[in-house]
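File shown: input.cif. Contents: mmCIF, C-alpha atoms and all ligand atoms.
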```
data_my_file
#
loop_
_atom_site.group_PDB
_atom_site.id
_atom_site.type_symbol
_atom_site.label_atom_id
_atom_site.label_comp_id
_atom_site.auth_asym_id
_atom_site.auth_seq_id
_atom_site.Cartn_x
_atom_site.Cartn_y
_atom_site.Cartn_z
ATOM 1 C CA MET A 1 1.097 13.013 12.263
ATOM 2 C CA ASP A 2 0.880 16.790 11.839
ATOM 3 C CA ALA A 3 -0.075 18.474 8.583
ATOM 4 C CA ILE A 4 3.440 19.730 7.817
ATOM 5 C CA THR A 5 4.999 16.260 8.223
ATOM 6 C CA GLU A 6 2.240 14.829 6.034
ATOM 7 C CA LYS A 7 2.947 17.438 3.419
ATOM 8 C CA ILE A 8 6.687 16.714 3.455
ATOM 9 C CA LEU A 9 6.033 12.984 3.115
ATOM 10 C CA GLY A 10 3.434 13.593 0.418
ATOM 11 C CA LEU A 11 0.944 11.437 2.311
ATOM 12 C CA GLY A 12 -1.772 14.082 2.071
ATOM 13 C CA GLU A 13 -1.724 13.828 -1.693
ATOM 14 C CA PHE A 14 -1.764 10.039 -1.487
ATOM 15 C CA ARG A 15 -4.695 10.028 0.922
ATOM 16 C CA ASN A 16 -6.686 12.441 -1.176
ATOM 17 C CA MET A 17 -6.562 10.142 -4.170
ATOM 18 C CA GLN A 18 -10.098 8.980 -4.847
ATOM 19 C CA ARG A 19 -8.922 5.448 -5.637
ATOM 20 C CA TYR A 20 -5.614 3.894 -6.381
ATOM 21 C CA LYS A 21 -4.873 0.764 -8.260
ATOM 22 C CA VAL A 22 -2.025 -1.556 -9.132
ATOM 23 C CA SER A 23 -1.463 -1.866 -12.850
ATOM 24 C CA ILE A 24 -0.215 -5.274 -14.009
ATOM 25 C CA VAL A 25 1.324 -5.448 -17.480
ATOM 26 C CA MET A 26 2.630 -8.592 -19.157
ATOM 27 C CA GLY A 27 4.672 -8.900 -22.334
ATOM 28 C CA SER A 28 2.586 -11.654 -23.902
ATOM 29 C CA GLU A 29 -0.604 -13.633 -23.504
ATOM 30 C CA SER A 30 1.720 -16.588 -22.815
ATOM 31 C CA ASP A 31 2.652 -14.957 -19.452
ATOM 32 C CA ARG A 32 -0.953 -15.023 -18.227
ATOM 33 C CA THR A 33 -0.825 -18.264 -16.180
ATOM 34 C CA ILE A 34 1.928 -16.784 -14.005
ATOM 35 C CA MET A 35 0.776 -13.158 -13.913
ATOM 36 C CA GLN A 36 -2.792 -14.150 -13.081
ATOM 37 C CA LYS A 37 -1.445 -15.096 -9.640
ATOM 38 C CA ALA A 38 -0.517 -11.459 -8.999
ATOM 39 C CA ALA A 39 -4.056 -10.425 -9.893
ATOM 40 C CA GLU A 40 -5.558 -13.103 -7.626
ATOM 41 C CA THR A 41 -3.341 -12.038 -4.713
ATOM 42 C CA LEU A 42 -4.279 -8.363 -5.114
ATOM 43 C CA LYS A 43 -7.928 -9.411 -5.251
ATOM 44 C CA ALA A 44 -7.512 -11.331 -1.984
ATOM 45 C CA PHE A 45 -6.251 -8.105 -0.364
ATOM 46 C CA GLY A 46 -9.104 -6.130 -1.909
ATOM 47 C CA VAL A 47 -6.740 -3.972 -3.969
ATOM 48 C CA GLU A 48 -8.069 -2.682 -7.272
ATOM 49 C CA HIS A 49 -5.965 -3.736 -10.233
ATOM 50 C CA GLY A 50 -5.838 -4.167 -13.983
ATOM 51 C CA LEU A 51 -4.119 -6.838 -16.087
ATOM 52 C CA THR A 52 -3.081 -5.980 -19.645
ATOM 53 C CA VAL A 53 -0.828 -7.351 -22.383
ATOM 54 C CA ALA A 54 1.571 -4.750 -23.817
ATOM 55 C CA SER A 55 5.116 -5.181 -25.076
ATOM 56 C CA ALA A 56 8.019 -2.741 -25.128
ATOM 57 C CA HIS A 57 9.326 -4.625 -28.148
ATOM 58 C CA ARG A 58 6.196 -5.418 -30.110
ATOM 59 C CA ASN A 59 3.948 -2.413 -29.537
ATOM 60 C CA PRO A 60 6.042 0.276 -27.773
ATOM 61 C CA HIS A 61 3.667 3.165 -28.564
ATOM 62 C CA THR A 62 0.689 1.265 -27.178
ATOM 63 C CA LEU A 63 2.686 0.474 -24.045
ATOM 64 C CA LEU A 64 3.538 4.123 -23.418
ATOM 65 C CA LYS A 65 -0.068 5.162 -24.026
ATOM 66 C CA HIS A 66 -1.221 2.470 -21.600
ATOM 67 C CA VAL A 67 1.189 3.654 -18.887
ATOM 68 C CA ARG A 68 -0.101 7.229 -19.249
ATOM 69 C CA GLU A 69 -3.730 6.085 -19.147
ATOM 70 C CA GLU A 70 -3.153 3.904 -16.103
ATOM 71 C CA GLU A 71 -1.479 6.794 -14.259
ATOM 72 C CA GLY A 72 -4.541 8.880 -15.097
ATOM 73 C CA ASN A 73 -6.725 6.078 -13.708
ATOM 74 C CA GLY A 74 -4.909 6.133 -10.347
ATOM 75 C CA ALA A 75 -2.155 3.554 -10.872
ATOM 76 C CA ALA A 76 0.122 3.884 -7.840
ATOM 77 C CA ILE A 77 2.375 0.926 -8.663
ATOM 78 C CA PHE A 78 3.159 -1.033 -11.820
ATOM 79 C CA ILE A 79 3.889 -4.768 -11.868
ATOM 80 C CA ALA A 80 5.521 -5.931 -15.100
ATOM 81 C CA GLY A 81 5.951 -9.596 -16.056
ATOM 82 C CA ALA A 82 8.029 -10.613 -19.073
ATOM 83 C CA GLY A 83 10.374 -13.346 -20.215
ATOM 84 C CA GLY A 84 13.572 -13.566 -22.266
ATOM 85 C CA ALA A 85 14.949 -10.154 -23.231
ATOM 86 C CA ALA A 86 12.609 -8.724 -20.629
ATOM 87 C CA HIS A 87 12.842 -4.969 -21.171
ATOM 88 C CA LEU A 88 9.189 -4.332 -20.380
ATOM 89 C CA ALA A 89 9.642 -3.407 -16.711
ATOM 90 C CA GLY A 90 12.649 -1.180 -17.443
ATOM 91 C CA VAL A 91 10.850 0.695 -20.198
ATOM 92 C CA ILE A 92 7.851 1.274 -17.931
ATOM 93 C CA ALA A 93 10.253 2.504 -15.230
ATOM 94 C CA ALA A 94 11.715 4.934 -17.774
ATOM 95 C CA HIS A 95 8.290 6.480 -18.295
ATOM 96 C CA THR A 96 6.909 6.752 -14.765
ATOM 97 C CA THR A 97 7.906 7.903 -11.298
ATOM 98 C CA LYS A 98 5.670 5.225 -9.745
ATOM 99 C CA PRO A 99 7.389 2.148 -8.262
ATOM 100 C CA VAL A 100 7.825 -0.667 -10.806
ATOM 101 C CA ILE A 101 7.997 -4.282 -9.649
ATOM 102 C CA GLY A 102 9.385 -6.773 -12.163
ATOM 103 C CA VAL A 103 8.453 -10.453 -12.464
ATOM 104 C CA PRO A 104 10.980 -12.362 -14.602
ATOM 105 C CA ILE A 105 9.124 -15.147 -16.431
ATOM 106 C CA THR A 106 10.591 -18.604 -17.074
ATOM 107 C CA SER A 107 12.166 -18.733 -20.537
ATOM 108 C CA LYS A 108 14.217 -21.064 -22.735
ATOM 109 C CA LEU A 109 17.176 -20.093 -20.499
ATOM 110 C CA LEU A 110 15.166 -20.989 -17.355
ATOM 111 C CA GLY A 111 14.419 -17.334 -16.673
ATOM 112 C CA LEU A 112 18.003 -16.261 -15.992
ATOM 113 C CA ASP A 113 17.895 -13.957 -19.030
ATOM 114 C CA SER A 114 14.574 -12.493 -17.835
ATOM 115 C CA LEU A 115 15.939 -12.005 -14.318
ATOM 116 C CA LEU A 116 19.122 -10.233 -15.408
ATOM 117 C CA SER A 117 17.269 -8.053 -17.918
ATOM 118 C CA MET A 118 15.083 -6.771 -15.092
ATOM 119 C CA VAL A 119 17.375 -6.614 -12.114
ATOM 120 C CA GLN A 120 20.444 -5.019 -13.745
ATOM 121 C CA MET A 121 18.885 -1.613 -14.328
ATOM 122 C CA PRO A 122 21.075 1.490 -14.623
ATOM 123 C CA ARG A 123 21.402 3.998 -11.775
ATOM 124 C CA GLY A 124 18.299 6.128 -11.302
ATOM 125 C CA VAL A 125 15.832 3.744 -12.956
ATOM 126 C CA PRO A 126 15.150 0.932 -10.480
ATOM 127 C CA VAL A 127 12.969 -2.107 -11.052
ATOM 128 C CA ALA A 128 12.199 -3.966 -7.817
ATOM 129 C CA THR A 129 12.689 -7.469 -9.157
ATOM 130 C CA VAL A 130 11.217 -10.549 -7.488
ATOM 131 C CA ALA A 131 12.085 -14.230 -8.090
ATOM 132 C CA VAL A 132 11.562 -15.953 -11.436
ATOM 133 C CA ASP A 133 7.782 -16.470 -11.769
ATOM 134 C CA GLY A 134 7.360 -14.717 -8.391
ATOM 135 C CA ALA A 135 4.052 -13.077 -9.248
ATOM 136 C CA VAL A 136 2.555 -13.627 -5.797
ATOM 137 C CA ASN A 137 5.476 -11.857 -4.121
ATOM 138 C CA ALA A 138 5.188 -8.979 -6.599
ATOM 139 C CA ALA A 139 1.605 -8.481 -5.462
ATOM 140 C CA VAL A 140 2.480 -8.822 -1.763
ATOM 141 C CA LEU A 141 5.274 -6.251 -2.192
ATOM 142 C CA ALA A 142 2.837 -3.901 -3.926
ATOM 143 C CA VAL A 143 0.405 -4.286 -1.022
ATOM 144 C CA GLN A 144 3.250 -3.611 1.444
ATOM 145 C CA ILE A 145 4.142 -0.390 -0.379
ATOM 146 C CA LEU A 146 0.515 0.764 -0.370
ATOM 147 C CA ALA A 147 0.173 -0.254 3.292
ATOM 148 C CA VAL A 148 2.687 2.434 4.322
ATOM 149 C CA ALA A 149 -0.208 4.892 4.059
ATOM 150 C CA ASP A 150 -3.166 2.509 4.537
ATOM 151 C CA SER A 151 -3.828 1.049 7.980
ATOM 152 C CA SER A 152 -6.515 -1.398 6.787
ATOM 153 C CA LEU A 153 -4.015 -2.961 4.357
ATOM 154 C CA ARG A 154 -1.469 -3.108 7.196
ATOM 155 C CA ALA A 155 -3.962 -5.116 9.260
ATOM 156 C CA LYS A 156 -4.570 -7.514 6.361
ATOM 157 C CA LEU A 157 -0.822 -7.983 5.901
ATOM 158 C CA THR A 158 -0.368 -8.776 9.586
ATOM 159 C CA LYS A 159 -3.040 -11.474 9.274
ATOM 160 C CA TYR A 160 -1.483 -12.784 6.054
ATOM 161 C CA LYS A 161 1.972 -13.063 7.626
ATOM 162 C CA ALA A 162 0.523 -14.782 10.703
ATOM 163 C CA GLY A 163 -1.062 -17.291 8.313
ATOM 164 C CA LEU A 164 2.352 -17.959 6.773
ATOM 165 C CA ALA A 165 3.804 -18.642 10.218
ATOM 166 C CA GLU A 166 1.019 -21.146 10.933
ATOM 167 C CA GLU A 167 1.762 -22.956 7.645
ATOM 168 C CA VAL A 168 5.347 -23.561 8.825
ATOM 169 C CA VAL A 169 4.211 -25.018 12.129
ATOM 170 C CA ARG A 170 1.648 -27.393 10.555
HETATM 171 P P1 LIG A 201 5.519 -15.117 -26.914
HETATM 172 O O1 LIG A 201 5.045 -16.327 -26.168
HETATM 173 O O2 LIG A 201 4.388 -14.164 -27.260
HETATM 174 O O3 LIG A 201 6.385 -15.423 -28.114
HETATM 175 O O4 LIG A 201 6.439 -14.290 -25.892
HETATM 176 C C1 LIG A 201 6.995 -12.195 -23.162
HETATM 177 O O5 LIG A 201 6.874 -11.635 -21.875
HETATM 178 C C2 LIG A 201 7.086 -13.708 -23.167
HETATM 179 O O6 LIG A 201 7.538 -14.212 -21.919
HETATM 180 C C3 LIG A 201 7.612 -14.854 -25.358
HETATM 181 C C4 LIG A 201 8.130 -13.978 -24.252
HETATM 182 O O7 LIG A 201 8.499 -12.704 -24.799
HETATM 183 C C5 LIG A 201 8.304 -11.774 -23.776
HETATM 184 N N1 LIG A 201 8.259 -10.364 -24.169
HETATM 185 C C6 LIG A 201 9.104 -9.475 -23.632
HETATM 186 C C7 LIG A 201 8.659 -8.219 -24.081
HETATM 187 N N2 LIG A 201 7.609 -8.402 -24.873
HETATM 188 C C8 LIG A 201 7.357 -9.715 -24.920
HETATM 189 N N3 LIG A 201 10.152 -9.696 -22.837
HETATM 190 C C9 LIG A 201 9.244 -6.913 -23.671
HETATM 191 O O8 LIG A 201 8.773 -5.879 -24.160
HETATM 192 O O9 LIG A 201 10.175 -6.909 -22.821
#
```
Would you mind writing the file out in structure tokens?
Ligand code: C2R
Amino acid sequence: MDAITEKILGLGEFRNMQRYKVSIVMGSESDRTIMQKAAETLKAFGVEHGLTVASAHRNPHTLLKHVREEEGNGAAIFIAGAGGAAHLAGVIAAHTTKPVIGVPITSKLLGLDSLLSMVQMPRGVPVATVAVDGAVNAAVLAVQILAVADSSLRAKLTKYKAGLAEEVVR
């Protein structure tokens, strides 16, 4: 790829980043069992990440401060897990231009409330929402986004997907 194309695509800037990370935020400590799976999956791909509890409802100022700090620390993607009136992912999306992936967490309404709160975002503020409790897929999607500009991650994904195919055959 020539320099001008790289510049247009912004890949130069991306490549020059010293490190990038995926920032995982969850609305409550009670989401940890599910959201831990996103962290484990990112670890398996060798992707740096952080896992923090912050709530758009309970400590909105802390959440905003955390988003700013994580961007300063190289966060390229946010993964947000929350249940019930799950506004966490949407509020993060309102405060960043980085992609936000939402994980609706099982709730008293089986997660349907969480799912709709995340997926039904207004025009211009998307949250890429995965299945209820789909923390592993959130991490895989994050890796796929990063892999657009990272050939070693692309190779790991190819191996991962081949492993999935073998599981079906077994
Ligand atoms: P508790 O177990 O702490 O009462 O939380 C959390 O993600 C959790 O699934 C119950 C549920 O409330 C969710 N929560 C949100 C937000 N903050 C906490 N949906 C938010 O800001 O969207």
Requested in this report: Please evaluate the PyMOL selection byres (((chain A and resi 83-85) around 9) and not hetatm) against the displayed coordinates and give the resulting residues as a PyMOL selection string.
Outcome: chain A and resi 27-28+31+81-82+86-88+103-109+111-118
Query raised in the report: Residues picked by the PyMOL selection byres (((chain A and resi 42) around 10) and not hetatm) here, as a count of residues only?
Result: 22
Report summary line: Pairwise distance, CA of Ser30 in chain A with atom C9 of ligand LIG 201 (chain A), equals 12.3 Å
Requested in this report: May I ask for the distance between CA of Ala80 in chain A and CA of Lys98 in chain A, given in Å to one decimal place?
Outcome: 12.4 Å
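Residues of protein, DNA or RNA having at least one counted atom within 6 Å of (5.8, 2.3, -8.6), given all atoms listed in the file, are A:Ala76, A:Ile77, A:Phe78, A:Lys98, A:Pro99, A:Val100.
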Query raised in the report: For ligand LIG 201 (chain A), which of A:Val132, A:Ala75, A:Val125, A:Val169 is the closest residue, counting all atoms listed in the file?
Result: A:Val132
Report task. Can you work out the spacing between atom O2 of ligand LIG 201 (chain A) and CA of Gly134 in chain A in Å, to one decimal? Result ->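 A separation of 19.1 Å between them.
Proximity ranking of A:Gln144, A:Thr52, A:Thr158, A:Thr96 relative to ligand LIG 201 (chain A) places A:Thr52 first, based on only C-alpha atoms and all ligand atoms.
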Report summary line: Using all atoms listed in the file, the shortest atom-to-atom distance to Pro122 in chain A among A:Ala94, A:Glu69, A:Ala135, A:Ile101 belongs to A:Ala94
Report summary line: Min atom-atom distance to ligand LIG 201 (chain A) from the set A:Thr33, A:Ser55, A:Thr62, A:Ser23, counting all atoms listed in the file, belongs to A:Ser55
Could you work out an axis-aligned box for range 58-62 of chain A, taking every atom the file lists and adding 8 Å on each side, and report centre and edge lengths in Å to one decimal, as lines of an AutoDock Vina configuration file?
```
center_x = 3.4
center_y = -1.1
center_z = -28.6
size_x = 21.5
size_y = 24.6
size_z = 18.9
```
Can you fill out range 69-82 of chain A with N, CA and C atoms and hand it back as a tab-separated table (two decimals), in the coordinates of the input?
```
chain	number	residue	atom	x	y	z
A	69	GLU	N	-2.31	6.25	-19.49
A	69	GLU	CA	-3.73	6.08	-19.15
A	69	GLU	C	-3.88	5.51	-17.74
A	70	GLU	N	-3.06	4.53	-17.42
A	70	GLU	CA	-3.15	3.90	-16.10
A	70	GLU	C	-2.79	4.90	-15.00
A	71	GLU	N	-1.81	5.76	-15.25
A	71	GLU	CA	-1.48	6.79	-14.26
A	71	GLU	C	-2.68	7.71	-14.06
A	72	GLY	N	-3.33	8.04	-15.17
A	72	GLY	CA	-4.54	8.88	-15.10
A	72	GLY	C	-5.67	8.19	-14.35
A	73	ASN	N	-5.68	6.86	-14.39
A	73	ASN	CA	-6.72	6.08	-13.71
A	73	ASN	C	-6.35	5.74	-12.27
A	74	GLY	N	-5.26	6.33	-11.76
A	74	GLY	CA	-4.91	6.13	-10.35
A	74	GLY	C	-3.89	5.04	-10.08
A	75	ALA	N	-3.18	4.58	-11.12
A	75	ALA	CA	-2.15	3.55	-10.87
A	75	ALA	C	-1.08	4.12	-9.94
A	76	ALA	N	-0.89	3.44	-8.81
A	76	ALA	CA	0.12	3.88	-7.84
A	76	ALA	C	1.39	3.06	-7.98
A	77	ILE	N	1.25	1.86	-8.51
A	77	ILE	CA	2.38	0.93	-8.66
A	77	ILE	C	2.15	0.13	-9.95
A	78	PHE	N	3.24	-0.15	-10.66
A	78	PHE	CA	3.16	-1.03	-11.82
A	78	PHE	C	3.85	-2.35	-11.49
A	79	ILE	N	3.24	-3.45	-11.92
A	79	ILE	CA	3.89	-4.77	-11.87
A	79	ILE	C	4.04	-5.21	-13.32
A	80	ALA	N	5.29	-5.55	-13.71
A	80	ALA	CA	5.52	-5.93	-15.10
A	80	ALA	C	6.11	-7.33	-15.15
A	81	GLY	N	5.46	-8.23	-15.89
A	81	GLY	CA	5.95	-9.60	-16.06
A	81	GLY	C	6.35	-9.84	-17.50
A	82	ALA	N	7.57	-10.33	-17.70
A	82	ALA	CA	8.03	-10.61	-19.07
A	82	ALA	C	9.17	-11.62	-19.03
```
